[in-house]
Amino acid sequence: MSYYYAGCAENYEPHFLDACFLCRKPLGFNADIFMYRGNTPFCSKDCRQEQIEIDDAKEKSWKRSASSSIRKSEQSKNSTTTTTTPDKPVRTGTVAVA
């Protein structure tokens, strides 16, 4: 496992390309590394595809819950705010002087 210098002698941290993001398998120096969404490394196309499917499922779930909450908030606004038109004009705060 390789390490990089993080600024002081006692803080050596593993490099982000040392292991597969999904299965944590060590990535070799002469092995192919499959990247996804910027700097997320994977050891194989299969691991990367599994992560893509996990992210897609999370995104679909989030979108469903977001649209559901929007619908609920719109329904609550509509049920609490009922607008009626009065039969007679309503005067507010003005006094007619004759």
# chains A, B, ... in the order shown; residues from 1 in each chain; ligands from 1
>>> residues_around(residues="segment 48-60 of chain A", least_positions_apart="4", cutoff="12 Å", atoms="only C-alpha atoms", output="list of chain:residue names")
A:Cys20, A:Phe21, A:Leu22, A:Cys23, A:Ile33, A:Phe34, A:Met35, A:Tyr36, A:Arg37, A:Thr40, A:Pro41, A:Phe42, A:Cys43, A:Ser44, A:Arg64, A:Ser65, A:Ala66, A:Ser67
>>> select_by_dssp(residues="segment 9-64 of chain A", states="alpha helix (DSSP H)", output="MDAnalysis selection string")
chainID A and resid 45:64
>>> atom_distance(atom1="atom CA of Arg24 of chain A", atom2="atom CA of Trp62 of chain A")
26.5 Å
>>> atom_distance(atom1="atom CA of Cys47 of chain A", atom2="atom CA of Asp18 of chain A")
15.1 Å
>>> atom_distance(atom1="atom CA of Asp32 of chain A", atom2="atom CA of Leu17 of chain A")
11.1 Å
>>> select_by_dssp(residues="segment 23-61 of chain A", states="strand (DSSP E or B)", output="MDAnalysis selection string")
chainID A and resid 26 34:36 40:42
>>> write_last_selection(atoms="N, CA and C atoms", output="mmCIF file, in the first residue's frame")
data_model
loop_
_atom_site.group_PDB
_atom_site.id
_atom_site.type_symbol
_atom_site.label_atom_id
_atom_site.label_comp_id
_atom_site.auth_asym_id
_atom_site.auth_seq_id
_atom_site.Cartn_x
_atom_site.Cartn_y
_atom_site.Cartn_z
ATOM 1 N N PRO A 26 -7.118 -4.495 -3.149
ATOM 2 C CA PRO A 26 -5.974 -3.622 -3.471
ATOM 3 C C PRO A 26 -5.790 -3.500 -4.982
ATOM 4 N N PHE A 34 -10.541 1.346 -13.134
ATOM 5 C CA PHE A 34 -11.753 1.848 -13.771
ATOM 6 C C PHE A 34 -12.325 2.956 -12.892
ATOM 7 N N MET A 35 -12.393 4.158 -13.448
ATOM 8 C CA MET A 35 -12.828 5.325 -12.684
ATOM 9 C C MET A 35 -14.299 5.614 -12.933
ATOM 10 N N TYR A 36 -14.928 6.238 -11.929
ATOM 11 C CA TYR A 36 -16.342 6.615 -12.019
ATOM 12 C C TYR A 36 -16.553 7.882 -11.212
ATOM 13 N N THR A 40 -13.293 8.132 -8.168
ATOM 14 C CA THR A 40 -13.689 6.913 -7.478
ATOM 15 C C THR A 40 -13.135 5.710 -8.250
ATOM 16 N N PRO A 41 -12.142 5.003 -7.691
ATOM 17 C CA PRO A 41 -11.498 3.903 -8.411
ATOM 18 C C PRO A 41 -12.186 2.557 -8.178
ATOM 19 N N PHE A 42 -12.174 1.712 -9.215
ATOM 20 C CA PHE A 42 -12.719 0.358 -9.131
ATOM 21 C C PHE A 42 -11.735 -0.607 -9.765
#
